[in-house]
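The structure file run.txt is reproduced below (compact mmCIF, C-alpha atoms).
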# COMPACT_ATOMS: atom_id res chain seq x y z
CA MET A 1 32.50 41.36 -36.69
CA VAL A 2 30.64 38.31 -35.39
CA GLY A 3 32.87 35.66 -33.78
CA LEU A 4 32.95 31.94 -34.54
CA TYR A 5 32.59 29.02 -32.23
CA CYS A 6 32.73 25.23 -32.43
CA LYS A 7 29.97 23.11 -30.99
CA LEU A 8 30.55 20.58 -28.24
CA ILE A 9 29.94 16.99 -29.28
CA PRO A 10 27.53 15.30 -26.82
CA LEU A 11 28.78 11.90 -25.75
CA ASP A 12 25.61 10.12 -26.89
CA LYS A 13 26.33 11.37 -30.40
CA LEU A 14 30.01 10.51 -30.05
CA LYS A 15 29.04 6.93 -29.19
CA ARG A 16 27.07 6.60 -32.41
CA LEU A 17 29.93 8.09 -34.41
CA LEU A 18 32.41 5.66 -32.89
CA LEU A 19 30.25 2.76 -33.97
CA ILE A 20 30.57 3.76 -37.61
CA GLY A 21 34.24 4.55 -37.19
CA LEU A 22 34.17 8.27 -37.99
CA LEU A 23 34.27 11.38 -35.89
CA VAL A 24 32.50 14.01 -37.94
CA VAL A 25 33.91 17.47 -38.42
CA PHE A 26 31.49 19.95 -36.91
CA GLY A 27 31.13 23.33 -38.56
CA CYS A 28 31.57 26.73 -37.02
CA GLU A 29 28.62 29.09 -36.59
CA GLU A 30 27.87 32.63 -35.57
CA GLU A 31 27.68 33.88 -31.98
CA PRO A 32 30.70 33.35 -29.71
CA GLU A 33 30.76 30.49 -27.24
CA SER A 34 34.01 28.56 -26.82
CA GLY A 35 36.12 30.85 -29.00
CA GLU A 36 37.71 27.83 -30.70
CA ILE A 37 37.75 27.23 -34.44
CA ASP A 38 38.98 24.51 -36.79
CA CYS A 39 37.06 21.51 -35.44
CA SER A 40 38.82 18.58 -37.05
CA ASN A 41 38.50 14.95 -38.02
CA ASP A 42 40.61 12.88 -35.61
CA ASP A 43 41.56 10.51 -38.42
CA ASP A 44 42.99 13.33 -40.56
CA ASN A 45 41.36 11.44 -43.43
CA SER A 46 37.95 11.93 -45.00
CA ALA A 47 37.58 8.21 -45.73
CA ILE A 48 35.80 5.98 -43.26
CA VAL A 49 38.24 3.53 -41.69
CA GLU A 50 37.02 -0.03 -41.98
CA GLU A 51 36.02 -1.45 -38.61
CA THR A 52 37.84 -4.60 -37.56
CA GLY A 53 35.34 -6.19 -35.19
CA SER A 54 38.27 -7.03 -32.92
CA THR A 55 37.76 -7.77 -29.23
CA LEU A 56 39.80 -6.09 -26.52
CA PRO A 57 42.50 -8.29 -24.96
CA SER A 58 40.91 -10.28 -22.13
CA SER A 59 43.41 -8.92 -19.61
CA ILE A 60 41.86 -5.43 -19.86
CA VAL A 61 39.36 -5.04 -17.02
CA ILE A 62 36.65 -2.44 -17.63
CA LYS A 63 34.84 -0.83 -14.70
CA ASN A 64 31.58 1.09 -14.66
CA ILE A 65 31.51 4.75 -13.63
CA PRO A 66 28.05 6.11 -12.74
CA ALA A 67 26.64 9.28 -14.25
CA GLY A 68 27.06 12.31 -12.03
CA THR A 69 27.90 15.94 -11.54
CA PHE A 70 31.24 16.98 -10.07
CA THR A 71 33.39 20.04 -9.54
CA MET A 72 36.14 20.10 -12.15
CA GLY A 73 39.27 22.25 -11.92
CA GLY A 74 41.41 23.90 -9.27
CA THR A 75 44.34 26.23 -8.82
CA THR A 76 47.15 25.64 -11.35
CA MET A 77 50.28 27.58 -12.25
CA GLN A 78 48.93 28.10 -15.76
CA ASN A 79 45.57 29.31 -14.42
CA ASP A 80 43.93 27.01 -16.97
CA ALA A 81 41.63 24.92 -14.77
CA PRO A 82 38.68 27.06 -13.66
CA THR A 83 36.48 25.53 -10.97
CA ILE A 84 33.24 24.60 -12.72
CA SER A 85 30.35 22.17 -12.46
CA VAL A 86 30.39 19.37 -15.05
CA THR A 87 27.80 16.65 -15.59
CA LEU A 88 28.79 13.36 -17.22
CA SER A 89 26.81 10.43 -18.55
CA ALA A 90 27.73 6.95 -17.31
CA PHE A 91 30.73 5.33 -18.98
CA MET A 92 33.28 2.56 -18.45
CA MET A 93 37.06 2.82 -18.13
CA SER A 94 39.95 0.37 -18.03
CA GLU A 95 41.04 -0.02 -14.44
CA LYS A 96 44.72 0.08 -15.38
CA GLU A 97 46.97 1.65 -17.99
CA ILE A 98 47.36 -0.35 -21.21
CA THR A 99 50.34 -2.67 -20.84
CA ASN A 100 53.17 -3.75 -23.12
CA GLN A 101 51.57 -7.17 -23.63
CA GLU A 102 48.20 -5.65 -24.50
CA TYR A 103 49.75 -3.25 -26.97
CA ILE A 104 51.72 -6.08 -28.58
CA ALA A 105 48.43 -7.91 -29.12
CA PHE A 106 47.14 -4.82 -30.92
CA LEU A 107 50.31 -4.46 -33.01
CA ASN A 108 50.26 -8.05 -34.23
CA ALA A 109 46.54 -8.03 -34.99
CA SER A 110 46.57 -4.63 -36.70
CA ASN A 111 49.69 -5.59 -38.64
CA ALA A 112 47.85 -8.63 -40.01
CA ASP A 113 44.98 -6.30 -40.98
CA GLY A 114 47.27 -3.92 -42.82
CA TRP A 115 46.99 -1.05 -40.35
CA ILE A 116 50.70 -0.54 -39.66
CA THR A 117 54.18 -0.77 -41.10
CA VAL A 118 57.63 -0.53 -39.50
CA SER A 119 60.35 1.75 -40.78
CA GLU A 120 63.75 2.94 -39.61
CA GLU A 121 63.89 6.66 -38.90
CA GLN A 122 66.59 9.07 -37.82
CA MET A 123 65.74 10.45 -34.37
CA ASN A 124 67.30 13.22 -32.31
CA ASP A 125 67.35 14.05 -28.61
CA PRO A 126 69.71 15.92 -26.25
CA CYS A 127 71.97 12.86 -26.13
CA GLY A 128 72.52 12.77 -29.89
CA SER A 129 71.20 11.38 -33.16
CA TYR A 130 70.39 7.73 -33.78
CA THR A 131 68.30 5.38 -35.91
CA GLU A 132 65.21 3.77 -34.38
CA LYS A 133 62.45 1.54 -35.68
CA MET A 134 59.08 3.31 -35.73
CA VAL A 135 55.58 1.86 -36.02
CA VAL A 136 53.78 3.93 -38.66
CA GLY A 137 50.09 4.03 -39.61
CA SER A 138 49.36 2.54 -43.05
CA GLU A 139 46.70 3.61 -45.53
CA ASN A 140 44.13 1.33 -43.85
CA SER A 141 44.51 2.95 -40.44
CA PRO A 142 43.47 6.25 -38.93
CA ASN A 143 46.13 8.97 -39.36
CA ALA A 144 48.01 7.12 -42.08
CA GLY A 145 51.68 8.03 -42.25
CA GLU A 146 51.92 9.19 -38.63
CA TYR A 147 54.15 7.60 -36.00
CA PHE A 148 52.29 5.36 -33.56
CA LEU A 149 55.13 3.97 -31.44
CA GLN A 150 58.88 4.26 -31.12
CA LEU A 151 60.72 0.97 -30.61
CA GLY A 152 63.54 2.58 -28.65
CA GLU A 153 66.73 0.64 -28.02
CA THR A 154 67.78 2.92 -25.16
CA GLY A 155 66.12 4.23 -22.04
CA GLY A 156 65.84 7.73 -23.40
CA CYS A 157 67.50 11.01 -22.59
CA ALA A 158 66.59 13.78 -20.14
CA SER A 159 66.19 17.35 -21.39
CA GLY A 160 69.52 18.23 -19.77
CA GLY A 161 71.34 15.55 -21.78
CA GLU A 162 71.55 12.91 -19.04
CA GLU A 163 70.93 9.32 -20.08
CA GLU A 164 67.93 7.81 -18.32
CA ASN A 165 67.61 4.41 -16.72
CA ILE A 166 67.71 1.53 -19.21
CA ASN A 167 64.42 0.29 -17.75
CA ASN A 168 62.80 3.18 -19.62
CA ARG A 169 63.45 1.61 -23.02
CA SER A 170 60.60 0.40 -25.17
CA TRP A 171 60.17 -3.27 -24.31
CA ILE A 172 58.51 -4.04 -27.63
CA SER A 173 60.63 -5.39 -30.48
CA PHE A 174 59.83 -6.04 -34.15
CA ILE A 175 61.13 -9.27 -35.65
CA SER A 176 61.34 -8.68 -39.39
CA ALA A 177 61.95 -12.36 -40.27
CA SER A 178 58.55 -13.36 -38.84
CA ASP A 179 56.85 -9.97 -39.29
CA THR A 180 55.79 -10.01 -35.64
CA PHE A 181 56.13 -7.91 -32.52
CA GLU A 182 57.52 -9.50 -29.37
CA LEU A 183 58.28 -8.62 -25.76
CA LEU A 184 61.98 -8.19 -25.06
CA ASP A 185 61.67 -9.11 -21.38
CA ALA A 186 58.84 -11.25 -20.01
CA THR A 187 59.03 -9.46 -16.65
CA LYS A 188 57.91 -6.24 -18.35
CA ALA A 189 54.67 -7.66 -19.78
CA ASN A 190 52.55 -5.77 -17.24
CA TRP A 191 54.47 -2.54 -17.36
CA PRO A 192 52.57 0.27 -19.09
CA VAL A 193 53.34 0.63 -22.77
CA ASN A 194 55.55 3.68 -23.24
CA TRP A 195 56.99 5.62 -26.18
CA VAL A 196 53.43 5.72 -27.54
CA LYS A 197 52.29 8.77 -29.47
CA TRP A 198 48.74 10.14 -29.31
CA TYR A 199 48.22 8.67 -32.77
CA GLY A 200 49.22 5.23 -31.46
CA ALA A 201 46.90 5.45 -28.45
CA TYR A 202 44.03 6.60 -30.65
CA ALA A 203 44.67 3.82 -33.19
CA PHE A 204 44.54 1.21 -30.41
CA ALA A 205 41.18 2.57 -29.28
CA ARG A 206 39.76 2.74 -32.79
CA TYR A 207 40.89 -0.77 -33.61
CA TYR A 208 38.86 -2.18 -30.73
CA GLY A 209 35.85 0.12 -31.14
CA VAL A 210 36.48 2.02 -27.91
CA SER A 211 37.87 5.50 -27.22
CA LEU A 212 40.39 7.49 -25.28
CA PRO A 213 38.83 9.23 -22.25
CA THR A 214 37.73 12.81 -22.60
CA GLU A 215 39.56 15.15 -20.27
CA ALA A 216 36.43 15.56 -18.14
CA GLN A 217 35.94 11.78 -17.92
CA TRP A 218 39.56 11.34 -16.88
CA GLU A 219 39.28 13.90 -14.07
CA TYR A 220 35.92 12.54 -12.89
CA ALA A 221 37.40 9.03 -12.66
CA ALA A 222 40.57 10.32 -10.97
CA ARG A 223 38.61 12.11 -8.26
CA GLY A 224 36.95 8.82 -7.34
CA GLY A 225 33.55 10.31 -6.59
CA GLN A 226 35.03 12.17 -3.60
CA GLN A 227 36.59 15.35 -5.08
CA LEU A 228 40.04 14.01 -4.26
CA GLU A 229 43.08 16.29 -4.62
CA TYR A 230 45.28 13.39 -5.71
CA PRO A 231 43.96 10.25 -7.47
CA THR A 232 45.02 7.88 -4.70
CA ASP A 233 43.06 5.78 -2.22
CA ASP A 234 42.42 8.74 0.08
CA GLY A 235 43.42 11.83 -1.91
CA THR A 236 46.82 12.26 -0.23
CA LEU A 237 50.18 11.60 -1.82
CA ASP A 238 53.43 9.98 -0.75
CA PHE A 239 55.79 7.39 -2.22
CA THR A 240 53.67 4.50 -0.93
CA LYS A 241 50.73 5.68 -3.04
CA ALA A 242 52.17 6.54 -6.48
CA ASN A 243 55.26 6.35 -8.70
CA TYR A 244 56.48 9.95 -9.10
CA ASN A 245 59.59 12.11 -8.70
CA GLY A 246 59.22 13.99 -5.43
CA GLU A 247 58.16 17.55 -4.71
CA THR A 248 60.65 19.60 -6.72
CA PRO A 249 60.29 20.19 -10.49
CA GLY A 250 63.09 19.33 -12.90
CA VAL A 251 65.13 16.98 -10.70
CA TYR A 252 67.07 14.36 -12.67
CA ASN A 253 66.39 10.87 -11.35
CA PRO A 254 68.83 8.30 -12.80
CA ASN A 255 67.03 5.44 -11.04
CA GLY A 256 63.46 6.35 -11.99
CA HIS A 257 61.28 4.33 -14.35
CA SER A 258 57.72 3.09 -14.72
CA VAL A 259 56.59 -0.02 -12.85
CA ALA A 260 53.97 -2.72 -13.35
CA VAL A 261 50.43 -1.39 -13.53
CA GLY A 262 48.43 -1.84 -10.35
CA SER A 263 51.50 -1.63 -8.10
CA TYR A 264 49.76 0.88 -5.81
CA THR A 265 46.36 0.91 -4.10
CA ALA A 266 43.41 1.89 -6.30
CA ASN A 267 41.35 5.05 -5.84
CA PRO A 268 37.75 4.83 -4.52
CA PHE A 269 36.38 4.13 -8.03
CA GLY A 270 38.81 1.21 -8.33
CA PHE A 271 41.29 2.74 -10.80
CA TYR A 272 45.04 2.26 -10.49
CA ASP A 273 47.95 4.59 -11.27
CA MET A 274 45.91 7.60 -12.35
CA GLY A 275 48.61 9.61 -10.65
CA GLY A 276 52.19 8.93 -11.73
CA ASN A 277 53.78 5.99 -13.56
CA VAL A 278 53.08 7.30 -17.10
CA TRP A 279 51.19 10.30 -18.44
CA GLU A 280 47.87 9.31 -19.99
CA TRP A 281 46.67 10.65 -23.34
CA CYS A 282 43.12 12.02 -23.50
CA HIS A 283 40.92 12.50 -26.55
CA ASP A 284 40.60 16.29 -26.27
CA TYR A 285 42.60 19.05 -27.84
CA TYR A 286 43.97 21.40 -25.21
CA SER A 287 42.55 24.88 -24.70
CA GLU A 288 42.98 27.21 -21.74
CA SER A 289 39.49 28.64 -22.23
CA PHE A 290 37.44 25.64 -23.35
CA TYR A 291 35.56 24.77 -20.17
CA THR A 292 32.48 26.65 -18.98
CA ASP A 293 30.31 26.17 -15.91
CA GLY A 294 27.30 23.87 -16.11
CA VAL A 295 28.37 21.95 -19.21
CA THR A 296 27.31 18.34 -19.91
CA ASP A 297 29.63 15.74 -21.48
CA PRO A 298 32.20 18.20 -22.88
CA ILE A 299 34.82 17.18 -25.42
CA ASN A 300 37.07 19.58 -27.28
CA THR A 301 37.54 18.50 -30.92
CA CYS A 302 38.85 21.92 -31.99
CA LYS A 303 42.56 22.19 -32.81
CA GLY A 304 42.84 25.84 -31.84
CA THR A 305 46.18 27.50 -32.51
CA ASN A 306 48.62 24.84 -31.26
CA SER A 307 46.98 21.50 -32.19
CA LYS A 308 48.08 19.83 -28.96
CA ARG A 309 46.28 17.01 -27.15
CA VAL A 310 45.67 16.76 -23.42
CA ARG A 311 47.66 14.40 -21.23
CA ARG A 312 46.89 13.85 -17.56
CA GLY A 313 48.19 12.30 -14.36
CA GLY A 314 51.91 13.02 -14.19
CA SER A 315 54.53 10.28 -14.40
CA TRP A 316 57.48 8.57 -12.73
CA ASN A 317 59.81 11.49 -13.58
CA TYR A 318 57.49 14.40 -12.78
CA HIS A 319 56.92 16.20 -9.48
CA SER A 320 53.87 15.93 -7.22
CA THR A 321 51.98 18.98 -8.51
CA THR A 322 51.49 17.29 -11.88
CA LEU A 323 49.67 14.43 -10.15
CA LEU A 324 46.85 16.64 -8.85
CA THR A 325 43.51 15.44 -10.18
CA TYR A 326 42.93 18.81 -11.87
CA ALA A 327 46.47 19.46 -13.17
CA ARG A 328 46.48 19.84 -16.95
CA ALA A 329 49.25 19.18 -19.48
CA PHE A 330 49.43 18.86 -23.24
CA ASP A 331 51.69 17.87 -26.10
CA PHE A 332 51.82 17.39 -29.85
CA GLU A 333 50.18 14.24 -31.21
CA TYR A 334 53.48 13.00 -32.65
CA ARG A 335 55.25 13.23 -29.28
CA GLY A 336 55.53 10.38 -26.82
CA ASN A 337 58.57 9.11 -24.95
CA ASN A 338 59.43 6.91 -21.98
CA HIS A 339 56.73 8.38 -19.73
CA PHE A 340 53.72 8.54 -22.10
CA GLY A 341 50.96 5.93 -22.01
CA PHE A 342 47.15 5.71 -21.94
CA ARG A 343 43.98 3.91 -20.84
CA ILE A 344 40.67 3.51 -22.67
CA VAL A 345 36.95 4.13 -22.13
CA LYS A 346 33.91 2.27 -23.39
CA TYR A 347 30.22 3.17 -23.62
Full structure transcribed into structure tokens:
Amino acid sequence: MVGLYCKLIPLDKLKRLLLIGLLVVFGCEEEPESGEIDCSNDDDNSAIVEETGSTLPSSIVIKNIPAGTFTMGGTTMQNDAPTISVTLSAFMMSEKEITNQEYIAFLNASNADGWITVSEEQMNDPCGSYTEKMVVGSENSPNAGEYFLQLGETGGCASGGEEENINNRSWISFISASDTFELLDATKANWPVNWVKWYGAYAFARYYGVSLPTEAQWEYAARGGQQLEYPTDDGTLDFTKANYNGETPGVYNPNGHSVAVGSYTANPFGFYDMGGNVWEWCHDYYSESFYTDGVTDPINTCKGTNSKRVRRGGSWNYHSTTLLTYARAFDFEYRGNNHFGFRIVKY
């Protein structure tokens, strides 16, 4: 029996598709290549989403990254990051993670354009069950009906049932009387937006006509043009270089939380906090076997068997190994808690 495979989408084609607001579903053909099937529309909707013509908040600084070839991958516990050669076209990336204030600008603008609604939902975690306000995609938005953001009133709960620091709450509030989103604490304006789901990160990007980084773009930027092990100024890691949770996995840190973006020195490409602070959503679906040597501009749009998206960089409550430039992680698109955030790319 002949196998099926899904084609890679070249970035030059992806750029054109982004301009018309639709990522096309690519069919599967004979002859095995990637082994993945079920290439899917990221909007989960066959209709073209109307483009808004909106301009990115002026506080978002975009930096150029030159085209180049680099060595992607390294030794991981999951053995899912083979060392390969990858070539990328030039692109631009936000120098910092998207902040609370920048995401509020998106929420208020997209709310006025009918992209989102707010509803109260029953949520559960190891600390119990409670009602939270959720930002939900409307029929005008990509992924209508999916959660974009949780407006948490607490700092969250660790997997062991321990309550986490109150500074890990969502700092975005919805005021129903004025139908607007506001910042709960002005000192948290430049903290990275958290509690954001993949759907909410993707909607932000789509609204402004940009994109989430591909996994390969993220790693290329993190390595800083120097094949760095950690995405810091010099490729080494200690507590003066990133916001993370030490060397040992699974340690509960009652004092840990994210901090203002740009609090640590940038890497050689000029990007801040690519290691630690909050995990960063990427565009790709996760696959252990997706990457092959010598590929150009790879992006995995195939759901595979688990339909999980890639996240990179580690966070304030994760150990040092997760901050390696080649460390891979993944989660469901509807997940996103007090250590999930994102940055954007532009072409």
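Of the listed residues (A:Tyr347, A:Tyr286, A:Tyr291, A:Phe239), A:Phe239 comes nearest to Trp316 in chain A; the distances count all atoms listed in the file.
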*Neighbour list for Ala260 in chain A as a PyMOL selection string, cut-off 6 Å, all atoms listed in the file, skip fewer than 2 positions in-chain*: chain A and resi 190-191+263
Expected file contents, prior selection, C-alpha atoms, as a PDB file, keeping the file's coordinate frame:
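The resulting file, part-v6.pdb, is reproduced below:
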ATOM      1  CA  ASN A 190      52.550  -5.770 -17.240  1.00  0.00           C
ATOM      2  CA  TRP A 191      54.470  -2.540 -17.360  1.00  0.00           C
ATOM      3  CA  SER A 263      51.500  -1.630  -8.100  1.00  0.00           C
TER       4      SER A 263
END
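Relative to CA of Glu219 in chain A, CA of Ala266 in chain A is found at 14.9 Å.
For the residues A:Asn167, A:Asn124, A:Gln227, A:Asn143, ranking by smallest atom-to-atom distance to Thr69 in chain A using all atoms listed in the file places A:Gln227 first.
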*Considering all atoms listed in the file, return as JSON, numbers by chain whatever protein or nucleic-acid residues lie within 8 Å of range 203-217 of chain A, sequence-local ones (same chain, fewer than 4 positions apart) excluded.*
{"A": [18, 19, 21, 51, 52, 53, 54, 55, 56, 72, 86, 88, 93, 103, 106, 110, 141, 142, 148, 199, 221, 281, 282, 283, 284, 297, 298, 299, 310, 312, 342, 343, 344, 345, 346, 347]}
Enumerate, as a compact mmCIF listing (two decimals) with C-alpha atoms, in the coordinates of the input, the protein, DNA and RNA residues whose atoms approach (59.9, -2.2, -12.9) to within 12 Å, taking into account all atoms listed in the file and the coordinate frame of the file.
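Listing of selection.txt after writing:
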# COMPACT_ATOMS: atom_id res chain seq x y z
CA ASN A 165 67.61 4.41 -16.72
CA ILE A 166 67.71 1.53 -19.21
CA ASN A 167 64.42 0.29 -17.75
CA ASN A 168 62.80 3.18 -19.62
CA ARG A 169 63.45 1.61 -23.02
CA TRP A 171 60.17 -3.27 -24.31
CA ASP A 185 61.67 -9.11 -21.38
CA ALA A 186 58.84 -11.25 -20.01
CA THR A 187 59.03 -9.46 -16.65
CA LYS A 188 57.91 -6.24 -18.35
CA ALA A 189 54.67 -7.66 -19.78
CA ASN A 190 52.55 -5.77 -17.24
CA TRP A 191 54.47 -2.54 -17.36
CA PRO A 192 52.57 0.27 -19.09
CA ASN A 243 55.26 6.35 -8.70
CA ASN A 255 67.03 5.44 -11.04
CA GLY A 256 63.46 6.35 -11.99
CA HIS A 257 61.28 4.33 -14.35
CA SER A 258 57.72 3.09 -14.72
CA VAL A 259 56.59 -0.02 -12.85
CA ALA A 260 53.97 -2.72 -13.35
CA VAL A 261 50.43 -1.39 -13.53
CA GLY A 262 48.43 -1.84 -10.35
CA SER A 263 51.50 -1.63 -8.10
CA ASN A 277 53.78 5.99 -13.56
CA TRP A 316 57.48 8.57 -12.73
*Which distance in Å separates CA of Asn100 in chain A and CA of Ser176 in chain A, to one decimal?*
18.9 Å
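Using all atoms listed in the file, the nearest neighbour of Asn253 in chain A within the list A:Cys157, A:Leu323, A:Leu184, A:Arg223 is A:Cys157.
For the atom pair formed by CA of Phe271 in chain A and CA of Glu95 in chain A, the distance is 4.6 Å, given to one decimal.
The nearest approach to Phe181 in chain A among the residues A:Thr236, A:Asn194, A:Gln122, A:Asn111, with all atoms listed in the file taken into account, belongs to A:Asn111.
For the residues A:Val295, A:Glu120, A:Lys197, A:Glu139, ranking by smallest atom-to-atom distance to Phe332 in chain A using all atoms listed in the file places A:Lys197 first.
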*What's the 9 Å shell around Glu146 in chain A, counting all atoms listed in the file, without same-chain residues fewer than 4 positions away, as an MDAnalysis selection string?*
chainID A and resid 135:138 142 199:200 334
*Closest to Arg335 in chain A among A:Ile84, A:Ala90, A:Ile104, A:Met123, using only C-alpha atoms?*
A:Met123
Which residues are close to Lys133 in chain A, i.e. within 10 Å by only C-alpha atoms, leaving aside same-chain residues fewer than 4 positions away? Reply as a PDB file with C-alpha atoms, keeping the file's coordinate frame.
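Generated file (result_26.pdb):
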ATOM      1  CA  VAL A 118      57.630  -0.530 -39.500  1.00  0.00           C
ATOM      2  CA  SER A 119      60.350   1.750 -40.780  1.00  0.00           C
ATOM      3  CA  GLU A 120      63.750   2.940 -39.610  1.00  0.00           C
ATOM      4  CA  GLU A 121      63.890   6.660 -38.900  1.00  0.00           C
ATOM      5  CA  GLN A 122      66.590   9.070 -37.820  1.00  0.00           C
ATOM      6  CA  MET A 123      65.740  10.450 -34.370  1.00  0.00           C
ATOM      7  CA  LEU A 149      55.130   3.970 -31.440  1.00  0.00           C
ATOM      8  CA  GLN A 150      58.880   4.260 -31.120  1.00  0.00           C
ATOM      9  CA  LEU A 151      60.720   0.970 -30.610  1.00  0.00           C
ATOM     10  CA  GLY A 152      63.540   2.580 -28.650  1.00  0.00           C
ATOM     11  CA  GLU A 153      66.730   0.640 -28.020  1.00  0.00           C
ATOM     12  CA  SER A 173      60.630  -5.390 -30.480  1.00  0.00           C
ATOM     13  CA  PHE A 174      59.830  -6.040 -34.150  1.00  0.00           C
TER      14      PHE A 174
END
*Find the residues around Pro126 in chain A up to 8 Å (all atoms listed in the file counted), leave out those fewer than 2 positions away in its own chain, and share them as a ChimeraX atom specification.*
/A:124,128,157-161
Put a box with edges along x, y and z around all the listed atoms of range 124-140 of chain A, pad it by 5 Å on each side, then give me its centre and sizes in Å, one decimal, as JSON.
{"center_x": 58.3, "center_y": 8.6, "center_z": -35.8, "size_x": 38.4, "size_y": 24.6, "size_z": 29.4}
Would you mind putting N, CA and C atoms back on range 172-189 of chain A and writing the result as a tab-separated table (two decimals), in the coordinates of the input?
chain	number	residue	atom	x	y	z
A	172	ILE	N	59.13	-3.39	-26.49
A	172	ILE	CA	58.51	-4.04	-27.63
A	172	ILE	C	59.51	-4.06	-28.79
A	173	SER	N	59.69	-5.22	-29.38
A	173	SER	CA	60.63	-5.39	-30.48
A	173	SER	C	59.90	-5.92	-31.72
A	174	PHE	N	60.38	-5.52	-32.88
A	174	PHE	CA	59.83	-6.04	-34.15
A	174	PHE	C	60.80	-7.02	-34.75
A	175	ILE	N	60.31	-8.23	-35.05
A	175	ILE	CA	61.13	-9.27	-35.65
A	175	ILE	C	60.79	-9.33	-37.13
A	176	SER	N	61.65	-8.79	-37.96
A	176	SER	CA	61.34	-8.68	-39.39
A	176	SER	C	61.21	-10.04	-40.07
A	177	ALA	N	61.99	-11.03	-39.62
A	177	ALA	CA	61.95	-12.36	-40.27
A	177	ALA	C	60.57	-13.00	-40.16
A	178	SER	N	59.89	-12.78	-39.03
A	178	SER	CA	58.55	-13.36	-38.84
A	178	SER	C	57.44	-12.34	-38.96
A	179	ASP	N	57.82	-11.07	-39.15
A	179	ASP	CA	56.85	-9.97	-39.29
A	179	ASP	C	55.94	-9.90	-38.07
A	180	THR	N	56.55	-10.03	-36.88
A	180	THR	CA	55.79	-10.01	-35.64
A	180	THR	C	56.45	-9.11	-34.61
A	181	PHE	N	55.64	-8.70	-33.64
A	181	PHE	CA	56.13	-7.91	-32.52
A	181	PHE	C	56.22	-8.81	-31.30
A	182	GLU	N	57.30	-8.66	-30.53
A	182	GLU	CA	57.52	-9.50	-29.37
A	182	GLU	C	57.97	-8.66	-28.18
A	183	LEU	N	57.84	-9.25	-27.00
A	183	LEU	CA	58.28	-8.62	-25.76
A	183	LEU	C	59.74	-8.97	-25.52
A	184	LEU	N	60.56	-7.96	-25.26
A	184	LEU	CA	61.98	-8.19	-25.06
A	184	LEU	C	62.29	-8.84	-23.72
A	185	ASP	N	61.44	-8.60	-22.72
A	185	ASP	CA	61.67	-9.11	-21.38
A	185	ASP	C	60.32	-9.49	-20.78
A	186	ALA	N	60.13	-10.77	-20.49
A	186	ALA	CA	58.84	-11.25	-20.01
A	186	ALA	C	58.42	-10.58	-18.70
A	187	THR	N	59.37	-10.10	-17.92
A	187	THR	CA	59.03	-9.46	-16.65
A	187	THR	C	58.42	-8.08	-16.85
A	188	LYS	N	58.47	-7.57	-18.07
A	188	LYS	CA	57.91	-6.24	-18.35
A	188	LYS	C	56.55	-6.32	-19.05
A	189	ALA	N	55.95	-7.49	-19.08
A	189	ALA	CA	54.67	-7.66	-19.78
A	189	ALA	C	53.58	-6.75	-19.21
